[in-house]
file model-v1.cif (mmCIF, N, CA and C atoms and all ligand atoms)
data_structure
loop_
_atom_site.label_atom_id
_atom_site.label_comp_id
_atom_site.auth_asym_id
_atom_site.auth_seq_id
_atom_site.Cartn_x
_atom_site.Cartn_y
_atom_site.Cartn_z
N MET X 1055 -51.76 40.28 43.65
CA MET X 1055 -51.83 41.68 44.10
C MET X 1055 -52.33 42.52 42.94
N ASP X 1056 -53.41 43.22 43.17
CA ASP X 1056 -53.94 44.15 42.18
C ASP X 1056 -52.94 45.29 42.01
N ALA X 1057 -52.85 45.81 40.78
CA ALA X 1057 -51.86 46.85 40.49
C ALA X 1057 -52.02 48.08 41.38
N ASN X 1058 -53.25 48.35 41.82
CA ASN X 1058 -53.47 49.55 42.63
C ASN X 1058 -53.66 49.26 44.11
N ASP X 1059 -53.49 48.02 44.52
CA ASP X 1059 -53.69 47.66 45.93
C ASP X 1059 -52.83 48.49 46.87
N TYR X 1060 -51.61 48.75 46.46
CA TYR X 1060 -50.70 49.41 47.39
C TYR X 1060 -51.11 50.83 47.71
N TYR X 1061 -51.97 51.43 46.87
CA TYR X 1061 -52.47 52.77 47.20
C TYR X 1061 -53.37 52.73 48.42
N ARG X 1062 -54.04 51.59 48.62
CA ARG X 1062 -54.98 51.48 49.73
C ARG X 1062 -54.33 51.01 51.03
N ALA X 1063 -53.14 50.48 50.93
CA ALA X 1063 -52.47 49.98 52.13
C ALA X 1063 -51.99 51.16 52.98
N PRO X 1064 -52.09 51.03 54.30
CA PRO X 1064 -51.62 52.12 55.17
C PRO X 1064 -50.12 52.36 54.99
N SER X 1065 -49.74 53.59 54.98
CA SER X 1065 -48.32 53.90 54.80
C SER X 1065 -47.56 53.66 56.10
N GLY X 1066 -46.26 53.71 56.00
CA GLY X 1066 -45.40 53.49 57.16
C GLY X 1066 -45.55 54.54 58.24
N ILE X 1067 -46.16 55.66 57.90
CA ILE X 1067 -46.31 56.73 58.90
C ILE X 1067 -47.78 56.99 59.23
N GLY X 1068 -48.70 56.22 58.62
CA GLY X 1068 -50.13 56.45 58.83
C GLY X 1068 -50.62 55.90 60.16
N PRO X 1069 -51.91 56.13 60.48
CA PRO X 1069 -52.47 55.70 61.78
C PRO X 1069 -52.52 54.18 61.94
N LEU X 1070 -52.53 53.42 60.84
CA LEU X 1070 -52.57 51.96 60.94
C LEU X 1070 -51.19 51.33 60.74
N ALA X 1071 -50.15 52.13 60.77
CA ALA X 1071 -48.80 51.64 60.49
C ALA X 1071 -48.40 50.49 61.42
N ALA X 1072 -48.68 50.62 62.72
CA ALA X 1072 -48.28 49.58 63.68
C ALA X 1072 -49.00 48.26 63.39
N GLU X 1073 -50.27 48.36 63.02
CA GLU X 1073 -51.06 47.16 62.72
C GLU X 1073 -50.51 46.41 61.50
N TRP X 1074 -49.96 47.16 60.56
CA TRP X 1074 -49.48 46.56 59.31
C TRP X 1074 -47.99 46.22 59.36
N GLN X 1075 -47.31 46.63 60.39
CA GLN X 1075 -45.85 46.53 60.42
C GLN X 1075 -45.33 45.10 60.23
N ASP X 1076 -46.00 44.10 60.82
CA ASP X 1076 -45.49 42.73 60.76
C ASP X 1076 -46.03 41.93 59.58
N LYS X 1077 -46.90 42.50 58.77
CA LYS X 1077 -47.46 41.75 57.66
C LYS X 1077 -46.44 41.66 56.53
N PRO X 1078 -46.22 40.42 56.04
CA PRO X 1078 -45.15 40.25 55.05
C PRO X 1078 -45.39 41.02 53.75
N HIS X 1079 -46.66 41.18 53.34
CA HIS X 1079 -46.89 41.88 52.09
C HIS X 1079 -46.70 43.38 52.23
N ARG X 1080 -46.51 43.85 53.46
CA ARG X 1080 -46.25 45.27 53.69
C ARG X 1080 -45.00 45.72 52.94
N LEU X 1081 -44.00 44.85 52.90
CA LEU X 1081 -42.75 45.17 52.20
C LEU X 1081 -43.01 45.39 50.71
N LEU X 1082 -43.89 44.57 50.12
CA LEU X 1082 -44.22 44.73 48.70
C LEU X 1082 -44.85 46.09 48.44
N TYR X 1083 -45.76 46.50 49.30
CA TYR X 1083 -46.39 47.81 49.13
C TYR X 1083 -45.35 48.92 49.22
N ASP X 1084 -44.46 48.79 50.22
CA ASP X 1084 -43.43 49.82 50.38
C ASP X 1084 -42.51 49.86 49.15
N LEU X 1085 -42.14 48.68 48.64
CA LEU X 1085 -41.26 48.63 47.47
C LEU X 1085 -41.96 49.20 46.23
N ALA X 1086 -43.26 48.88 46.07
CA ALA X 1086 -44.00 49.40 44.92
C ALA X 1086 -44.06 50.93 44.98
N ARG X 1087 -44.28 51.47 46.17
CA ARG X 1087 -44.28 52.93 46.33
C ARG X 1087 -42.92 53.52 45.98
N GLU X 1088 -41.87 52.85 46.44
CA GLU X 1088 -40.51 53.33 46.20
C GLU X 1088 -40.19 53.32 44.70
N VAL X 1089 -40.55 52.25 44.02
CA VAL X 1089 -40.31 52.14 42.58
C VAL X 1089 -41.05 53.25 41.84
N GLU X 1090 -42.31 53.48 42.22
CA GLU X 1090 -43.07 54.52 41.54
C GLU X 1090 -42.46 55.90 41.78
N GLN X 1091 -41.97 56.14 42.99
CA GLN X 1091 -41.34 57.42 43.28
C GLN X 1091 -40.05 57.59 42.46
N LEU X 1092 -39.28 56.52 42.32
CA LEU X 1092 -38.05 56.58 41.53
C LEU X 1092 -38.36 56.78 40.04
N GLN X 1093 -39.42 56.11 39.55
CA GLN X 1093 -39.84 56.31 38.16
C GLN X 1093 -40.19 57.78 37.93
N ARG X 1094 -40.92 58.36 38.89
CA ARG X 1094 -41.34 59.75 38.77
C ARG X 1094 -40.14 60.69 38.76
N LEU X 1095 -39.17 60.43 39.62
CA LEU X 1095 -37.96 61.27 39.65
C LEU X 1095 -37.19 61.16 38.33
N LEU X 1096 -37.08 59.95 37.81
CA LEU X 1096 -36.37 59.73 36.55
C LEU X 1096 -37.08 60.45 35.41
N TRP X 1097 -38.41 60.35 35.39
CA TRP X 1097 -39.23 61.00 34.37
C TRP X 1097 -39.02 62.52 34.43
N LEU X 1098 -39.08 63.10 35.64
CA LEU X 1098 -38.96 64.55 35.79
C LEU X 1098 -37.56 65.05 35.48
N ARG X 1099 -36.54 64.23 35.74
CA ARG X 1099 -35.15 64.70 35.68
C ARG X 1099 -34.35 64.15 34.52
N HIS X 1100 -34.96 63.36 33.62
CA HIS X 1100 -34.13 62.68 32.62
C HIS X 1100 -33.48 63.63 31.62
N ASP X 1101 -34.09 64.79 31.35
CA ASP X 1101 -33.46 65.78 30.47
C ASP X 1101 -34.16 67.13 30.68
N PRO X 1102 -33.44 68.12 31.20
CA PRO X 1102 -34.06 69.42 31.49
C PRO X 1102 -34.66 70.07 30.24
N GLU X 1103 -34.10 69.78 29.07
CA GLU X 1103 -34.61 70.39 27.83
C GLU X 1103 -35.96 69.80 27.40
N HIS X 1104 -36.33 68.65 27.97
CA HIS X 1104 -37.60 68.01 27.62
C HIS X 1104 -38.71 68.35 28.60
N PHE X 1105 -38.43 69.18 29.58
CA PHE X 1105 -39.38 69.40 30.67
C PHE X 1105 -40.75 69.88 30.18
N SER X 1106 -40.76 70.74 29.17
CA SER X 1106 -42.04 71.27 28.68
C SER X 1106 -42.82 70.23 27.87
N ALA X 1107 -42.19 69.11 27.50
CA ALA X 1107 -42.86 68.07 26.71
C ALA X 1107 -43.29 66.88 27.57
N LEU X 1108 -43.18 67.00 28.90
CA LEU X 1108 -43.56 65.88 29.76
C LEU X 1108 -45.08 65.82 29.89
N TYR X 1109 -45.60 64.58 29.81
CA TYR X 1109 -47.05 64.37 29.97
C TYR X 1109 -47.29 63.55 31.24
N GLY X 1110 -48.05 64.13 32.17
CA GLY X 1110 -48.23 63.46 33.46
C GLY X 1110 -49.67 63.37 33.94
N ASP X 1111 -50.65 63.54 33.04
CA ASP X 1111 -52.05 63.43 33.47
C ASP X 1111 -52.38 62.00 33.87
N ASP X 1112 -53.26 61.84 34.83
CA ASP X 1112 -53.77 60.53 35.27
C ASP X 1112 -52.66 59.55 35.62
N GLY X 1113 -51.58 60.04 36.22
CA GLY X 1113 -50.50 59.15 36.63
C GLY X 1113 -49.55 58.73 35.52
N GLU X 1114 -49.77 59.27 34.31
CA GLU X 1114 -48.85 58.92 33.21
C GLU X 1114 -47.51 59.60 33.44
N MET X 1115 -46.45 59.00 32.87
CA MET X 1115 -45.11 59.58 32.97
C MET X 1115 -44.43 59.39 31.62
N GLN X 1116 -44.78 60.25 30.67
CA GLN X 1116 -44.26 60.12 29.31
C GLN X 1116 -43.52 61.38 28.90
N CYS X 1117 -42.60 61.21 27.94
CA CYS X 1117 -41.88 62.35 27.38
C CYS X 1117 -42.20 62.44 25.89
N GLY X 1118 -42.70 63.60 25.46
CA GLY X 1118 -43.07 63.79 24.07
C GLY X 1118 -41.88 63.94 23.14
N VAL X 1119 -40.72 64.25 23.67
CA VAL X 1119 -39.53 64.40 22.83
C VAL X 1119 -38.89 63.03 22.59
N CYS X 1120 -38.63 62.28 23.66
CA CYS X 1120 -37.99 60.96 23.55
C CYS X 1120 -38.96 59.87 23.11
N GLY X 1121 -40.24 60.06 23.43
CA GLY X 1121 -41.22 59.00 23.20
C GLY X 1121 -41.14 57.90 24.25
N LEU X 1122 -40.49 58.18 25.37
CA LEU X 1122 -40.34 57.17 26.43
C LEU X 1122 -41.53 57.22 27.38
N ASP X 1123 -41.90 56.03 27.88
CA ASP X 1123 -42.99 55.90 28.84
C ASP X 1123 -42.39 55.35 30.14
N PHE X 1124 -42.15 56.24 31.09
CA PHE X 1124 -41.45 55.86 32.32
C PHE X 1124 -42.32 55.02 33.25
N ARG X 1125 -43.62 54.98 33.00
CA ARG X 1125 -44.51 54.17 33.84
C ARG X 1125 -44.53 52.72 33.36
N ARG X 1126 -44.47 52.52 32.04
CA ARG X 1126 -44.63 51.17 31.49
C ARG X 1126 -43.32 50.51 31.09
N MET X 1127 -42.32 51.29 30.74
CA MET X 1127 -41.05 50.69 30.31
C MET X 1127 -40.21 50.39 31.56
N ASP X 1128 -39.65 49.17 31.61
CA ASP X 1128 -38.84 48.87 32.80
C ASP X 1128 -37.45 49.51 32.67
N ALA X 1129 -36.73 49.53 33.77
CA ALA X 1129 -35.46 50.25 33.83
C ALA X 1129 -34.44 49.70 32.84
N SER X 1130 -34.43 48.39 32.61
CA SER X 1130 -33.43 47.83 31.69
C SER X 1130 -33.70 48.29 30.25
N LEU X 1131 -34.97 48.46 29.89
CA LEU X 1131 -35.28 48.96 28.55
C LEU X 1131 -34.88 50.43 28.42
N LEU X 1132 -35.17 51.23 29.44
CA LEU X 1132 -34.75 52.64 29.41
C LEU X 1132 -33.23 52.73 29.26
N GLU X 1133 -32.52 51.87 29.98
CA GLU X 1133 -31.06 51.87 29.92
C GLU X 1133 -30.58 51.55 28.50
N LYS X 1134 -31.20 50.54 27.87
CA LYS X 1134 -30.81 50.17 26.50
C LYS X 1134 -31.07 51.31 25.52
N VAL X 1135 -32.23 51.98 25.66
CA VAL X 1135 -32.55 53.10 24.78
C VAL X 1135 -31.49 54.20 24.91
N TRP X 1136 -31.13 54.52 26.15
CA TRP X 1136 -30.14 55.58 26.37
C TRP X 1136 -28.75 55.17 25.89
N GLN X 1137 -28.41 53.88 26.03
CA GLN X 1137 -27.12 53.41 25.52
C GLN X 1137 -27.08 53.55 24.00
N MET X 1138 -28.17 53.16 23.33
CA MET X 1138 -28.23 53.28 21.87
C MET X 1138 -28.13 54.75 21.45
N LYS X 1139 -28.82 55.62 22.17
CA LYS X 1139 -28.79 57.05 21.86
C LYS X 1139 -27.36 57.59 21.99
N ALA X 1140 -26.65 57.17 23.04
CA ALA X 1140 -25.27 57.62 23.26
C ALA X 1140 -24.36 57.11 22.14
N LEU X 1141 -24.58 55.86 21.70
CA LEU X 1141 -23.77 55.30 20.61
C LEU X 1141 -24.01 56.07 19.31
N ILE X 1142 -25.26 56.38 19.03
CA ILE X 1142 -25.61 57.13 17.81
C ILE X 1142 -24.98 58.52 17.85
N GLU X 1143 -25.07 59.18 19.01
CA GLU X 1143 -24.48 60.52 19.13
C GLU X 1143 -22.97 60.47 18.97
N ALA X 1144 -22.33 59.44 19.53
CA ALA X 1144 -20.87 59.30 19.39
C ALA X 1144 -20.49 59.06 17.94
N ALA X 1145 -21.28 58.24 17.24
CA ALA X 1145 -20.99 57.97 15.82
C ALA X 1145 -21.16 59.23 14.98
N GLU X 1146 -22.21 60.00 15.28
CA GLU X 1146 -22.43 61.25 14.55
C GLU X 1146 -21.31 62.24 14.81
N LYS X 1147 -20.84 62.30 16.05
CA LYS X 1147 -19.74 63.21 16.39
C LYS X 1147 -18.46 62.82 15.66
N SER X 1148 -18.19 61.52 15.59
CA SER X 1148 -16.95 61.07 14.93
C SER X 1148 -17.00 61.33 13.43
N GLN X 1149 -18.20 61.37 12.85
CA GLN X 1149 -18.31 61.66 11.40
C GLN X 1149 -18.15 63.14 11.11
N GLU X 1150 -18.44 63.99 12.11
CA GLU X 1150 -18.31 65.43 11.90
C GLU X 1150 -16.86 65.86 11.73
N LYS X 1151 -15.94 65.11 12.38
CA LYS X 1151 -14.52 65.48 12.32
C LYS X 1151 -13.94 65.09 10.96
N PRO X 1152 -13.10 65.94 10.39
CA PRO X 1152 -12.49 65.64 9.08
C PRO X 1152 -11.47 64.53 9.14
ZN ZN K 1 -37.34 63.12 27.05
#
call {"tool": "encode", "arguments": {"input": "model-v1.cif", "output": "structure tokens"}}
result
Amino acid sequence: MDANDYYRAPSGIGPLAAEWQDKPHRLLYDLAREVEQLQRLLWLRHDPEHFSALYGDDGEMQCGVCGLDFRRMDASLLEKVWQMKALIEAAEKSQEKP
């Protein structure tokens, strides 16, 4: 499957939806669309303070503050980055207290 094939496949609500309904690869196209939509939501909503630093030209989904690439980094890597960030912030907070 070409990375952009699913853009050309008829959507579930398009005029060719019935023709494509029983094709097994239809599910893959629907899932790829769903993943991309979830990536986009995560990119837009990951931190309100970073909103002005988001880069989204040509389908990119990057944050200039975090340096994260929501299009290319998979969810488990994003999770690890955020876990490390939380650990660092917790360690810094614990050092601030006398
Ligand atoms: Zn960010």
call {"tool": "residues_near_ligand", "arguments": {"input": "model-v1.cif", "ligand": "ligand ZN 1 (chain K)", "cutoff": "7 Å", "atoms": "only C-alpha atoms and all ligand atoms", "output": "mmCIF file with N, CA and C atoms, keeping the file's coordinate frame"}}
result
data_model
loop_
_atom_site.group_PDB
_atom_site.id
_atom_site.type_symbol
_atom_site.label_atom_id
_atom_site.label_comp_id
_atom_site.auth_asym_id
_atom_site.auth_seq_id
_atom_site.Cartn_x
_atom_site.Cartn_y
_atom_site.Cartn_z
ATOM 1 N N HIS X 1100 -34.960 63.360 33.620
ATOM 2 C CA HIS X 1100 -34.130 62.680 32.620
ATOM 3 C C HIS X 1100 -33.480 63.630 31.620
ATOM 4 N N ASP X 1101 -34.090 64.790 31.350
ATOM 5 C CA ASP X 1101 -33.460 65.780 30.470
ATOM 6 C C ASP X 1101 -34.160 67.130 30.680
ATOM 7 N N HIS X 1104 -36.330 68.650 27.970
ATOM 8 C CA HIS X 1104 -37.600 68.010 27.620
ATOM 9 C C HIS X 1104 -38.710 68.350 28.600
ATOM 10 N N CYS X 1117 -42.600 61.210 27.940
ATOM 11 C CA CYS X 1117 -41.880 62.350 27.380
ATOM 12 C C CYS X 1117 -42.200 62.440 25.890
ATOM 13 N N GLY X 1118 -42.700 63.600 25.460
ATOM 14 C CA GLY X 1118 -43.070 63.790 24.070
ATOM 15 C C GLY X 1118 -41.880 63.940 23.140
ATOM 16 N N VAL X 1119 -40.720 64.250 23.670
ATOM 17 C CA VAL X 1119 -39.530 64.400 22.830
ATOM 18 C C VAL X 1119 -38.890 63.030 22.590
ATOM 19 N N CYS X 1120 -38.630 62.280 23.660
ATOM 20 C CA CYS X 1120 -37.990 60.960 23.550
ATOM 21 C C CYS X 1120 -38.960 59.870 23.110
ATOM 22 N N GLY X 1121 -40.240 60.060 23.430
ATOM 23 C CA GLY X 1121 -41.220 59.000 23.200
ATOM 24 C C GLY X 1121 -41.140 57.900 24.250
ATOM 25 N N LEU X 1122 -40.490 58.180 25.370
ATOM 26 C CA LEU X 1122 -40.340 57.170 26.430
ATOM 27 C C LEU X 1122 -41.530 57.220 27.380
#
call {"tool": "closest_residue", "arguments": {"input": "model-v1.cif", "among": "X:Leu1082, X:Met1115, X:Val1135, X:Lys1077", "to": "X:Leu1098", "atoms": "all atoms listed in the file"}}
result
X:Met1115
call {"tool": "atom_distance", "arguments": {"input": "model-v1.cif", "atom1": "atom CA of X:Tyr1083", "atom2": "atom CA of X:Leu1070"}}
result
14.0 Å
call {"tool": "atom_distance", "arguments": {"input": "model-v1.cif", "atom1": "atom N of X:Arg1087", "atom2": "atom CA of X:Lys1134"}}
result
23.9 Å
call {"tool": "atom_distance", "arguments": {"input": "model-v1.cif", "atom1": "atom N of X:Glu1103", "atom2": "atom C of X:Gln1116"}}
result
12.6 Å
call {"tool": "select_by_dssp", "arguments": {"input": "model-v1.cif", "residues": "stretch 1095-1144 of chain X", "states": "strand (DSSP E)", "output": "ChimeraX atom specification"}}
result
/X:1108-1109,1116-1117
call {"tool": "write_last_selection", "arguments": {"input": "model-v1.cif", "atoms": "N, CA and C atoms", "output": "mmCIF file, in the coordinates of the input"}}
result
data_model
loop_
_atom_site.group_PDB
_atom_site.id
_atom_site.type_symbol
_atom_site.label_atom_id
_atom_site.label_comp_id
_atom_site.auth_asym_id
_atom_site.auth_seq_id
_atom_site.Cartn_x
_atom_site.Cartn_y
_atom_site.Cartn_z
ATOM 1 N N LEU X 1108 -43.180 67.000 28.900
ATOM 2 C CA LEU X 1108 -43.560 65.880 29.760
ATOM 3 C C LEU X 1108 -45.080 65.820 29.890
ATOM 4 N N TYR X 1109 -45.600 64.580 29.810
ATOM 5 C CA TYR X 1109 -47.050 64.370 29.970
ATOM 6 C C TYR X 1109 -47.290 63.550 31.240
ATOM 7 N N GLN X 1116 -44.780 60.250 30.670
ATOM 8 C CA GLN X 1116 -44.260 60.120 29.310
ATOM 9 C C GLN X 1116 -43.520 61.380 28.900
ATOM 10 N N CYS X 1117 -42.600 61.210 27.940
ATOM 11 C CA CYS X 1117 -41.880 62.350 27.380
ATOM 12 C C CYS X 1117 -42.200 62.440 25.890
#
call {"tool": "select_by_dssp", "arguments": {"input": "model-v1.cif", "residues": "stretch 1076-1135 of chain X", "states": "alpha helix (DSSP H)", "output": "list in words"}}
result
His1079, Arg1080, Leu1081, Leu1082, Tyr1083, Asp1084, Leu1085, Ala1086, Arg1087, Glu1088, Val1089, Glu1090, Gln1091, Leu1092, Gln1093, Arg1094, Leu1095, Leu1096, Trp1097, Leu1098, Arg1099, Ala1129, Ser1130, Leu1131, Leu1132, Glu1133, Lys1134 and Val1135 of chain X
call {"tool": "closest_residue", "arguments": {"input": "model-v1.cif", "among": "X:Glu1114, X:Glu1143, X:Glu1090, X:Glu1150", "to": "X:Ala1129", "atoms": "only C-alpha atoms"}}
result
X:Glu1090
